[in-house]
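Source file: protein.cif; contents: mmCIF, C-alpha atoms.
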data_final
loop_
_atom_site.label_atom_id
_atom_site.label_comp_id
_atom_site.auth_asym_id
_atom_site.auth_seq_id
_atom_site.Cartn_x
_atom_site.Cartn_y
_atom_site.Cartn_z
CA MET F 14 72.42 139.79 39.58
CA SER F 15 73.15 136.19 40.56
CA ALA F 16 70.46 133.65 41.43
CA HIS F 17 71.66 133.83 45.02
CA ASP F 18 71.32 137.63 45.09
CA ARG F 19 67.85 137.40 43.53
CA GLU F 20 66.84 134.93 46.23
CA GLU F 21 68.20 137.23 48.95
CA THR F 22 66.37 140.23 47.49
CA GLY F 23 63.16 138.18 47.31
CA ALA F 24 63.51 137.14 50.96
CA HIS F 25 64.22 140.74 51.95
CA GLU F 26 61.14 142.02 50.13
CA GLU F 27 58.97 139.37 51.77
CA LEU F 28 60.27 140.32 55.20
CA MET F 29 59.66 144.01 54.61
CA GLU F 30 56.14 143.33 53.29
CA LEU F 31 55.32 141.24 56.34
CA ALA F 32 56.74 143.93 58.64
CA ALA F 33 54.58 146.58 56.95
CA LYS F 34 51.53 144.32 57.25
CA GLN F 35 52.13 143.74 60.97
CA ALA F 36 52.77 147.45 61.57
CA ALA F 37 49.48 148.23 59.82
CA LEU F 38 47.64 146.14 62.42
CA GLY F 39 48.34 148.97 64.83
CA GLU F 40 47.99 148.38 68.53
CA VAL F 41 46.90 144.85 69.42
CA ARG F 42 45.57 144.41 72.95
CA GLY F 43 46.34 141.31 74.96
CA ALA F 44 44.33 139.79 77.80
CA PRO F 45 44.27 141.62 81.13
CA ALA F 46 47.05 140.73 83.60
CA ALA F 47 46.46 137.52 85.55
CA ASP F 48 46.77 139.42 88.83
CA PRO F 49 46.10 143.02 89.79
CA VAL F 50 49.01 145.08 91.07
CA ASN F 51 49.56 143.52 94.48
CA GLU F 52 51.74 143.79 97.56
CA PRO F 53 53.16 140.25 97.61
CA MET F 54 54.59 140.57 94.10
CA ILE F 55 55.95 144.04 94.89
CA ARG F 56 57.56 142.80 98.12
CA HIS F 57 59.08 139.79 96.35
CA TRP F 58 60.40 142.02 93.55
CA LEU F 59 61.92 144.56 95.96
CA ALA F 60 63.63 141.80 97.95
CA ALA F 61 65.07 140.17 94.84
CA MET F 62 66.34 143.54 93.52
CA GLY F 63 67.78 144.47 96.91
CA ASP F 64 65.69 147.65 96.71
CA ALA F 65 65.15 149.02 100.23
CA ASN F 66 62.94 151.92 99.10
CA PRO F 67 60.06 151.91 101.62
CA ALA F 68 57.87 154.36 99.67
CA TYR F 69 56.28 151.80 97.35
CA LEU F 70 54.63 149.60 99.96
CA ALA F 71 53.99 152.56 102.27
CA ASN F 72 52.15 154.45 99.52
CA GLY F 73 50.57 151.39 97.89
CA VAL F 74 52.24 151.92 94.51
CA ALA F 75 54.33 149.62 92.36
CA PRO F 76 57.95 150.40 91.44
CA PRO F 77 57.72 151.92 87.95
CA ALA F 78 60.22 149.41 86.48
CA MET F 79 57.76 146.62 87.40
CA ALA F 80 55.42 147.80 84.60
CA GLN F 81 56.13 144.82 82.40
CA VAL F 82 56.01 142.30 85.24
CA TRP F 83 52.22 142.56 85.62
CA THR F 84 51.54 141.22 82.15
CA MET F 85 54.33 138.63 81.96
CA GLN F 86 52.78 135.31 81.09
CA GLY F 87 54.86 133.27 83.50
CA LEU F 88 54.36 129.57 82.96
CA GLY F 89 50.95 130.08 81.40
CA PRO F 90 50.19 129.72 77.69
CA ARG F 91 51.77 132.35 75.46
CA GLN F 92 49.53 135.05 74.10
CA PRO F 93 49.91 135.84 70.42
CA SER F 94 51.41 139.22 69.50
CA PRO F 95 51.85 141.04 66.19
CA VAL F 96 55.61 140.56 66.63
CA ASP F 97 55.44 136.74 66.47
CA GLU F 98 54.98 136.43 62.71
CA VAL F 99 57.92 138.72 62.00
CA MET F 100 60.17 136.69 64.33
CA THR F 101 59.06 133.43 62.73
CA ALA F 102 59.76 134.80 59.24
CA LEU F 103 63.20 136.05 60.31
CA ASN F 104 64.04 132.62 61.77
CA GLU F 105 62.93 130.95 58.55
CA ALA F 106 65.10 133.34 56.53
CA GLY F 107 68.12 132.21 58.55
CA PHE F 108 68.26 135.10 61.02
CA THR F 109 68.00 132.73 63.95
CA GLY F 110 70.17 134.61 66.45
CA VAL F 111 68.53 137.14 68.72
CA VAL F 112 69.87 139.78 71.05
CA ALA F 113 67.95 142.63 72.64
CA THR F 114 69.55 146.01 72.04
CA ASN F 115 67.20 148.59 73.58
CA CYS F 116 64.60 148.71 76.29
CA ASP F 117 63.12 152.14 76.94
CA HIS F 118 60.45 152.67 79.58
CA THR F 119 58.29 155.77 80.00
CA TYR F 120 56.10 156.02 83.08
CA HIS F 121 53.04 158.27 82.88
CA ARG F 122 51.96 157.72 86.47
CA PRO F 123 52.54 155.25 89.30
CA LEU F 124 50.46 152.07 89.29
CA ARG F 125 48.41 151.61 92.45
CA VAL F 126 47.79 148.37 94.29
CA GLY F 127 44.53 146.89 93.02
CA GLU F 128 44.75 148.17 89.44
CA ARG F 129 44.73 145.52 86.74
CA VAL F 130 46.65 146.38 83.59
CA THR F 131 46.41 145.21 80.00
CA ALA F 132 49.33 145.31 77.56
CA ALA F 133 48.84 146.43 73.98
CA THR F 134 51.59 145.72 71.45
CA ARG F 135 52.32 147.65 68.27
CA PHE F 136 54.91 146.43 65.79
CA SER F 137 56.87 149.53 64.77
CA ASP F 138 59.44 148.66 62.16
CA LEU F 139 62.01 146.35 60.71
CA LYS F 140 65.33 147.78 59.52
CA GLY F 141 68.00 145.95 57.61
CA PRO F 142 69.81 144.02 56.47
CA LYS F 143 72.69 145.57 58.40
CA SER F 144 76.09 144.12 58.99
CA THR F 145 76.87 143.86 62.70
CA ALA F 146 79.58 142.33 64.85
CA LEU F 147 77.34 139.30 65.40
CA GLY F 148 76.55 138.83 61.72
CA GLU F 149 74.15 140.23 59.15
CA GLY F 150 70.79 141.04 60.66
CA TYR F 151 67.60 143.03 61.02
CA PHE F 152 66.58 145.34 63.85
CA ALA F 153 62.95 144.77 64.86
CA THR F 154 61.27 147.36 67.06
CA TRP F 155 57.94 147.26 68.83
CA THR F 156 56.21 149.23 71.54
CA VAL F 157 54.03 148.05 74.39
CA THR F 158 51.58 150.32 76.16
CA TRP F 159 50.10 149.29 79.51
CA TYR F 160 46.58 150.43 80.17
CA SER F 161 44.62 150.57 83.39
CA GLU F 162 41.08 150.60 81.98
CA ASP F 163 41.66 153.03 79.11
CA ASP F 164 44.30 155.06 80.87
CA PRO F 165 47.82 154.53 79.48
CA VAL F 166 50.12 154.22 82.49
CA ALA F 167 53.44 153.10 81.01
CA GLU F 168 55.11 152.48 77.68
CA MET F 169 58.03 150.43 76.50
CA LEU F 170 60.02 150.53 73.29
CA PHE F 171 61.81 147.24 72.73
CA ARG F 172 64.33 146.52 69.98
CA VAL F 173 66.05 143.29 69.09
CA LEU F 174 68.67 142.38 66.55
CA LYS F 175 67.80 139.18 64.71
CA PHE F 176 71.02 137.99 63.09
CA ARG F 177 72.36 135.22 60.91
CA PRO F 178 74.99 133.61 63.14
CA LYS F 179 78.42 133.81 61.55
CA GLU F 180 79.67 130.43 60.51
CA ARG F 181 82.62 129.48 62.61
CA LYS F 182 85.52 128.86 60.27
CA LYS F 183 87.30 125.63 60.98
CA PRO F 184 90.93 126.37 61.76
CA TYR F 185 92.80 125.80 58.54
CA PRO F 186 96.49 125.01 58.30
CA LEU F 187 98.79 127.35 56.42
CA LYS F 188 98.79 126.34 52.79
CA PRO F 189 102.03 125.29 51.20
CA ALA F 190 103.42 127.73 48.64
CA ILE F 191 103.41 125.56 45.53
CA ASN F 192 105.62 126.64 42.61
CA GLN F 193 107.12 125.07 39.47
CA ASP F 194 109.93 123.51 41.50
CA THR F 195 107.67 121.97 44.16
CA ALA F 196 104.48 121.15 42.21
CA PHE F 197 105.57 117.52 41.55
CA PHE F 198 105.93 116.93 45.29
CA TRP F 199 102.37 118.11 46.11
CA GLU F 200 100.98 116.23 43.10
CA GLY F 201 102.56 113.13 44.59
CA VAL F 202 101.11 113.78 48.03
CA LYS F 203 97.64 113.99 46.50
CA GLN F 204 98.19 110.56 44.98
CA GLY F 205 99.62 109.11 48.17
CA GLU F 206 103.24 109.17 46.96
CA LEU F 207 106.20 110.70 48.74
CA ARG F 208 108.26 112.05 45.83
CA ILE F 209 111.89 113.04 46.15
CA GLN F 210 113.56 115.16 43.52
CA ARG F 211 116.43 113.55 41.60
CA CYS F 212 119.04 115.23 39.40
CA GLY F 213 118.42 114.33 35.77
CA ASP F 214 122.15 114.12 35.13
CA CYS F 215 124.12 112.89 38.15
CA GLY F 216 121.15 111.12 39.80
CA GLU F 217 121.61 112.71 43.23
CA LEU F 218 118.47 112.98 45.40
CA ARG F 219 117.70 116.32 47.00
CA HIS F 220 115.06 117.70 49.34
CA PRO F 221 113.58 120.27 49.57
CA PRO F 222 113.18 120.53 45.82
CA GLY F 223 115.03 123.26 43.98
CA PRO F 224 115.86 124.40 40.46
CA LEU F 225 119.50 123.23 40.31
CA CYS F 226 121.46 120.19 41.42
CA PRO F 227 123.76 121.39 44.23
CA THR F 228 126.39 118.86 43.15
CA CYS F 229 126.58 119.10 39.34
CA ARG F 230 124.48 122.25 38.80
CA SER F 231 122.30 120.59 36.23
CA ALA F 232 118.81 121.99 35.80
CA ASN F 233 117.52 118.64 34.59
CA ARG F 234 115.47 116.85 37.17
CA ASP F 235 112.94 114.12 37.75
CA HIS F 236 111.88 112.30 40.92
CA VAL F 237 111.72 108.96 42.66
CA VAL F 238 108.95 107.69 44.91
CA ALA F 239 110.24 107.10 48.41
CA SER F 240 109.31 104.05 50.45
CA GLY F 241 107.47 106.23 52.98
CA LEU F 242 109.58 105.00 55.86
CA GLY F 243 111.80 107.20 57.97
CA THR F 244 113.64 107.66 61.24
CA LEU F 245 113.35 110.65 63.54
CA TYR F 246 116.55 112.63 63.16
CA SER F 247 115.66 115.70 65.23
CA PHE F 248 112.57 117.49 66.51
CA VAL F 249 111.15 120.44 68.43
CA VAL F 250 107.89 120.65 70.35
CA HIS F 251 105.98 123.77 69.42
CA HIS F 252 103.99 125.25 72.32
CA HIS F 253 103.68 128.88 71.36
CA PRO F 254 102.66 130.97 69.44
CA PRO F 255 99.36 129.49 68.21
CA VAL F 256 99.39 128.31 64.60
CA PRO F 257 96.23 128.22 62.47
CA GLY F 258 94.82 124.74 62.06
CA ARG F 259 97.05 123.23 64.73
CA GLU F 260 96.48 122.46 68.33
CA THR F 261 99.52 123.06 70.48
CA PRO F 262 101.71 121.43 71.50
CA PHE F 263 102.74 119.72 68.26
CA VAL F 264 105.96 118.20 67.03
CA VAL F 265 107.98 119.52 64.11
CA ALA F 266 110.37 116.77 63.06
CA VAL F 267 113.30 116.27 60.74
CA VAL F 268 112.83 112.76 59.37
CA GLU F 269 115.68 110.88 57.77
CA LEU F 270 114.62 108.72 54.85
CA PRO F 271 116.42 105.49 53.98
CA GLU F 272 116.74 106.97 50.45
CA GLY F 273 119.26 109.43 51.91
CA VAL F 274 117.51 112.79 52.32
CA ARG F 275 115.87 114.47 55.30
CA ILE F 276 112.40 115.96 55.25
CA VAL F 277 110.55 118.24 57.66
CA GLY F 278 107.09 117.28 58.83
CA ASN F 279 104.76 116.95 61.80
CA ILE F 280 104.48 113.83 63.92
CA VAL F 281 100.93 112.65 64.61
CA ASP F 282 99.19 109.76 66.40
CA CYS F 283 101.79 109.89 69.15
CA PRO F 284 101.76 111.67 72.52
CA VAL F 285 104.33 114.46 72.53
CA GLU F 286 106.17 112.95 75.51
CA ASP F 287 106.64 109.65 73.65
CA VAL F 288 108.46 111.27 70.73
CA GLY F 289 112.17 110.46 70.74
CA ILE F 290 115.10 110.67 68.39
CA GLY F 291 115.62 107.49 66.44
CA MET F 292 111.96 106.44 66.54
CA GLU F 293 110.75 104.61 63.47
CA LEU F 294 108.21 106.49 61.39
CA ARG F 295 106.04 106.02 58.37
CA VAL F 296 104.40 108.67 56.24
CA THR F 297 100.65 109.14 56.44
CA TYR F 298 98.44 111.47 54.41
CA SER F 299 95.89 113.74 55.95
CA SER F 300 93.29 115.22 53.66
CA MET F 301 92.27 118.69 54.90
CA ASP F 302 89.70 119.21 52.11
CA ASP F 303 89.37 118.67 48.35
CA GLU F 304 92.29 120.99 47.73
CA LEU F 305 94.89 120.15 50.29
CA THR F 306 96.50 116.94 51.51
CA LEU F 307 99.42 117.08 53.93
CA PRO F 308 102.09 114.41 54.42
CA LEU F 309 102.53 113.68 58.13
CA TRP F 310 104.58 111.19 60.09
CA ALA F 311 103.29 108.56 62.50
CA PRO F 312 105.06 105.94 64.63
CA ARG F 313 105.64 102.73 62.70
CA GLU F 314 103.66 99.80 64.10
CA PRO F 315 106.00 97.61 66.14
CA MET T 25 66.12 157.24 103.80
CA ARG T 26 65.56 160.82 102.77
CA THR T 27 64.95 162.32 99.41
CA LEU T 28 67.37 164.84 98.01
CA THR T 29 66.09 168.32 97.31
CA GLU T 30 66.74 170.62 94.39
CA GLY T 31 69.77 172.29 95.95
CA GLN T 32 71.39 168.89 96.47
CA VAL T 33 71.11 167.73 92.86
CA GLU T 34 72.75 169.60 90.01
CA ILE T 35 74.27 168.92 86.65
CA GLY T 36 77.55 167.13 87.32
CA SER T 37 76.40 165.51 90.58
CA VAL T 38 78.03 162.10 90.75
CA LEU T 39 76.17 159.09 92.12
CA PRO T 40 78.01 156.81 94.53
CA GLU T 41 79.12 153.58 92.92
CA LEU T 42 76.99 150.50 93.51
CA SER T 43 78.51 147.07 93.02
CA ILE T 44 76.31 143.99 92.99
CA ASP T 45 77.53 140.39 93.19
CA LEU T 46 75.69 138.44 90.54
CA THR T 47 75.17 135.26 92.52
CA PRO T 48 73.10 132.48 90.95
CA THR T 49 70.55 133.21 93.69
CA LEU T 50 70.27 136.83 92.55
CA ILE T 51 69.94 135.86 88.88
CA VAL T 52 67.27 133.26 89.61
CA SER T 53 65.31 135.16 92.26
CA THR T 54 65.09 138.31 90.14
CA ALA T 55 64.09 136.30 87.04
CA LEU T 56 61.25 134.72 89.00
CA ALA T 57 60.28 137.99 90.73
CA THR T 58 59.89 139.49 87.25
CA MET T 59 57.86 136.43 86.14
CA ASP T 60 60.48 135.49 83.56
CA PHE T 61 60.79 131.71 83.34
CA THR T 62 63.04 131.58 80.28
CA PRO T 63 65.52 128.74 80.98
CA VAL T 64 68.64 130.87 80.27
CA HIS T 65 67.87 132.76 83.50
CA HIS T 66 67.70 129.75 85.82
CA ASP T 67 68.95 126.58 84.11
CA VAL T 68 72.74 126.40 83.76
CA GLU T 69 72.68 123.38 81.44
CA GLY T 70 70.02 125.00 79.27
CA ALA T 71 71.98 128.24 79.10
CA ARG T 72 75.16 126.40 78.11
CA ALA T 73 73.33 124.31 75.52
CA GLN T 74 72.42 127.47 73.68
CA GLY T 75 75.93 128.87 73.73
CA SER T 76 75.95 131.03 76.87
CA LYS T 77 78.64 130.43 79.43
CA ASP T 78 76.22 130.52 82.36
CA ILE T 79 72.79 131.79 83.40
CA PHE T 80 72.50 135.54 83.00
CA LEU T 81 70.45 138.51 84.18
CA ASN T 82 67.11 139.08 82.40
CA ILE T 83 66.25 142.47 80.96
CA LEU T 84 63.40 143.19 83.38
CA THR T 85 65.94 142.89 86.19
CA THR T 86 68.41 145.19 84.45
CA MET T 87 65.60 147.77 84.33
CA GLY T 88 64.83 147.19 88.01
CA LEU T 89 68.46 147.46 89.12
CA VAL T 90 68.99 150.68 87.15
CA GLU T 91 65.89 152.10 88.83
CA ARG T 92 67.13 150.96 92.25
CA TYR T 93 70.57 152.48 91.63
CA VAL T 94 69.08 155.91 90.98
CA THR T 95 66.41 155.81 93.73
CA ASP T 96 68.98 154.54 96.29
CA TRP T 97 70.66 157.88 95.72
CA ILE T 98 67.87 160.40 95.19
CA GLY T 99 65.60 158.89 97.81
CA PRO T 100 62.14 157.37 98.09
CA GLU T 101 59.95 160.36 97.25
CA ALA T 102 61.48 161.14 93.84
CA VAL T 103 59.47 160.02 90.84
CA ILE T 104 61.11 158.08 88.03
CA LYS T 105 59.70 159.19 84.68
CA ARG T 106 61.81 157.33 82.16
CA ILE T 107 64.47 154.63 81.94
CA ASN T 108 66.14 154.14 78.57
CA VAL T 109 68.57 151.25 78.43
CA LYS T 110 70.96 150.31 75.67
CA LEU T 111 71.82 146.70 76.29
CA GLY T 112 75.37 145.45 75.91
CA VAL T 113 77.18 142.31 77.02
CA PRO T 114 75.41 139.67 79.14
CA ALA T 115 75.69 139.85 82.94
CA TYR T 116 76.55 136.26 83.85
CA ALA T 117 76.24 134.56 87.21
CA GLY T 118 79.55 134.82 89.05
CA ASP T 119 80.30 138.25 87.64
CA ARG T 120 79.90 141.59 89.40
CA LEU T 121 77.75 144.43 88.11
CA THR T 122 79.03 147.88 88.97
CA PHE T 123 76.91 150.97 88.44
CA THR T 124 78.28 154.47 88.07
CA GLY T 125 76.31 157.57 87.15
CA ALA T 126 76.13 161.33 86.98
CA VAL T 127 73.47 163.97 86.48
CA VAL T 128 73.82 165.30 82.94
CA ASP T 129 70.76 167.47 82.42
CA CYS T 130 67.98 169.34 84.14
CA GLU T 131 65.10 170.86 82.27
CA GLU T 132 61.90 172.20 83.81
CA GLY T 133 62.38 170.19 86.98
CA GLU T 134 63.17 166.95 85.16
CA TYR T 135 66.66 165.64 85.84
CA THR T 136 68.51 163.22 83.59
CA VAL T 137 71.10 160.83 84.97
CA GLU T 138 73.45 158.84 82.80
CA VAL T 139 74.11 155.39 84.23
CA ARG T 140 76.65 152.78 83.23
CA GLY T 141 76.39 149.19 84.44
CA LYS T 142 79.68 147.40 83.87
CA VAL T 143 80.59 143.73 84.16
CA SER T 144 83.91 142.02 83.46
CA LEU T 145 83.04 141.67 79.75
CA GLY T 146 82.28 145.38 79.32
CA ASP T 147 79.17 147.54 79.45
CA HIS T 148 76.08 145.51 80.32
CA ALA T 149 73.76 148.52 80.27
CA THR T 150 74.15 152.14 79.26
CA ALA T 151 71.15 154.02 80.53
CA THR T 152 69.56 157.40 80.91
CA VAL T 153 67.09 157.84 83.72
CA ALA T 154 64.78 160.83 84.06
CA PHE T 155 63.26 161.78 87.42
CA ARG T 156 61.51 164.57 89.27
CA LEU T 157 62.15 165.64 92.83
CA PRO T 158 59.39 166.47 95.28
CA ALA T 159 58.44 170.15 95.16
CA PRO T 160 60.22 171.94 98.02
CA GLY T 161 58.16 172.11 101.17
CA ASP T 162 55.18 169.90 100.38
CA GLY T 163 56.93 166.53 100.51
CA THR T 164 55.23 165.25 97.36
CA ALA T 165 56.73 164.85 93.93
CA ALA T 166 56.07 167.47 91.31
CA PRO T 167 53.75 166.17 88.58
#
For the structure just supplied, provide its representation as structure tokens.
Amino acid sequence: MSAHDREETGAHEELMELAAKQAALGEVRGAPAADPVNEPMIRHWLAAMGDANPAYLANGVAPPAMAQVWTMQGLGPRQPSPVDEVMTALNEAGFTGVVATNCDHTYHRPLRVGERVTAATRFSDLKGPKSTALGEGYFATWTVTWYSEDDPVAEMLFRVLKFRPKERKKPYPLKPAINQDTAFFWEGVKQGELRIQRCGDCGELRHPPGPLCPTCRSANRDHVVASGLGTLYSFVVHHHPPVPGRETPFVVAVVELPEGVRIVGNIVDCPVEDVGIGMELRVTYSSMDDELTLPLWAPREP
Amino acid sequence: MRTLTEGQVEIGSVLPELSIDLTPTLIVSTALATMDFTPVHHDVEGARAQGSKDIFLNILTTMGLVERYVTDWIGPEAVIKRINVKLGVPAYAGDRLTFTGAVVDCEEGEYTVEVRGKVSLGDHATATVAFRLPAPGDGTAAP
């Protein structure tokens, strides 16, 4: 088991212990609702919901789905609940995302105008870690019972997923396939050199690198370091399809080097519409991370 | 508004579709009518700052709208006993919430309706609602 795994297991055990402790508290009663069940709040709620049911106000009862409304704390100070500590611990363990997954109401009887309810919260359980579409997370479940005096009138089961938000991967360009024939080129790029392969026998330059000289068929090779200057020989503007690590549109260019070979690369630091054949370029190196540096081409300063 | 009677509700009965425009006014007025002052339900900038594309419906309102959808159909004297909601994608301002439903069960006078509330992103709520009809003749709901 790695140190990281041990740490994860430790955090998991702490979370489960806390959840068990909070569940053992049983039902924790809050303060009574600020207002008794009342007509103005029912009327306002019905209007907002677009609910034309006349029975509620006619019979002096609240819509059942309003159960939770009576004990909402509005803009007042928050009342503590046995769920709070579990949420805080989950946040501290990195499970900072939250999304509600279930809300189940059971209504024992209608609430009448004038009754004042009290909510009692019981932390039920914590399940996880589970891997979900949103990221790894824990499902926390609690129940709330609303009492009028000591008469339970409604219940709610509420479940949330607390998840560790997935890290967004930065778009990463396709990596070059580096082999024995091309390694010297990428080594050069890392050091800020544009290396061109040269035949070890006849001295001809060639690009892209390959195992044999196309002129004398010698397998002997070395390289020269190019000046880093070039002229745009040809280009296309790529609009579609999307390419990882690139924002479209981008320019794919064939650059002619004064040394006598042509090389394919992207043009940067230049609006696409300003790119034109014959433009003077210079190589520039863009470091993607510790591993990968790409040679790119930019307009030469006038 | 009249309440349906037992002969008018049976397993397989389909509820008429209800489509609701989720205007910012609806999102905000229902959030406040349910005493929910969480900024994501009324403050566009606040909602965007925490990664949502707009303000969205709060859960207490989802419960209320599911209830309304079923009582709009069965009528005022029916008694809702249970609403179980599985929450899905957010219902953002500017979207449209469309409810469909059908009666799937009836046991000892308690009917169960399955309700789906869809928005453009997919299912916002998948619910089952249990209700009782008034006993025939006396005009009051069975206990």
Please provide the set of residues having any atom within 10 Å of Glu314 in chain F, restricted to all atoms listed in the file, with same-chain residues fewer than 6 positions apart removed, written as a CSV table (one decimal) with C-alpha atoms, in the coordinates of the input.
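Output file part-v6.csv follows:
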chain,number,residue,atom,x,y,z
F,293,GLU,CA,110.8,104.6,63.5
F,294,LEU,CA,108.2,106.5,61.4
F,295,ARG,CA,106.0,106.0,58.4
Practice task
Using only C-alpha atoms, pick whichever of F:Gly148, F:Ala106, F:Arg275, F:Cys116 has the shortest atom-to-atom distance to Asn82 in chain T.
Solution key: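 For Asn82 in chain T, the nearest of the candidates is F:Cys116.
For the residues F:Pro76, F:Pro165, F:Pro227, F:Pro90, ranking by smallest atom-to-atom distance to Ala102 in chain T using only C-alpha atoms places F:Pro76 first.
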Practice task
Could you list the residues in chain F lying within 6 Å of chain T, using all atoms listed in the file, and format the result as JSON, numbers by chain?
Solution key: {"F": [58, 61, 64, 66, 68, 78, 82, 85, 87, 114, 115, 116, 117, 118, 119, 120]}
Handout entry: Answer key for the PyMOL selection byres ((chain T and resi 65) around 6), residues as a list in words
Key =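 Applied to this file, the PyMOL selection byres ((chain T and resi 65) around 6) returns Thr62, Pro63, Val64, His66, Ile79 and Phe80 of chain T.
One finds CA of Arg156 in chain T at 14.7 Å from CA of Glu138 in chain T.
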Practice task
Between CA of Glu217 in chain F and CA of Gly205 in chain F, measure the distance and give it in Å to one decimal.
Solution key: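 Result for CA of Glu217 in chain F versus CA of Gly205 in chain F: 22.8 Å, one decimal.
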Exercise for the section: Name every residue that the PyMOL selection byres ((chain T and resi 78) around 10) selects in this structure, writing the answer as a PyMOL selection string with chains first and numbers rising. Expected result: chain T and resi 48+64-77+79-80+114-118
Range 128-131 of chain F surroundings by all atoms listed in the file, 7 Å radius, close-in-sequence under 6 positions cut, as an mmCIF file with C-alpha atoms, in the frame of the given file:
data_model
loop_
_atom_site.group_PDB
_atom_site.id
_atom_site.type_symbol
_atom_site.label_atom_id
_atom_site.label_comp_id
_atom_site.auth_asym_id
_atom_site.auth_seq_id
_atom_site.Cartn_x
_atom_site.Cartn_y
_atom_site.Cartn_z
ATOM 1 C CA GLY F 43 46.340 141.310 74.960
ATOM 2 C CA ALA F 44 44.330 139.790 77.800
ATOM 3 C CA PRO F 45 44.270 141.620 81.130
ATOM 4 C CA ALA F 46 47.050 140.730 83.600
ATOM 5 C CA ASP F 48 46.770 139.420 88.830
ATOM 6 C CA PRO F 49 46.100 143.020 89.790
ATOM 7 C CA VAL F 50 49.010 145.080 91.070
ATOM 8 C CA THR F 84 51.540 141.220 82.150
ATOM 9 C CA TRP F 159 50.100 149.290 79.510
ATOM 10 C CA TYR F 160 46.580 150.430 80.170
ATOM 11 C CA SER F 161 44.620 150.570 83.390
#
Completion exercise
note - CA of Phe123 in chain T and CA of Ala113 in chain F are separated by 20.0 Å
If you take every atom of range 209-220 of chain F that the file lists and fit an axis-aligned box around them with 8 Å extra on each side, what centre and edge lengths come out in Å to one decimal, as AutoDock Vina command-line options?
--center_x 118.0 --center_y 114.4 --center_z 42.2 --size_x 28.2 --size_y 22.6 --size_z 30.2
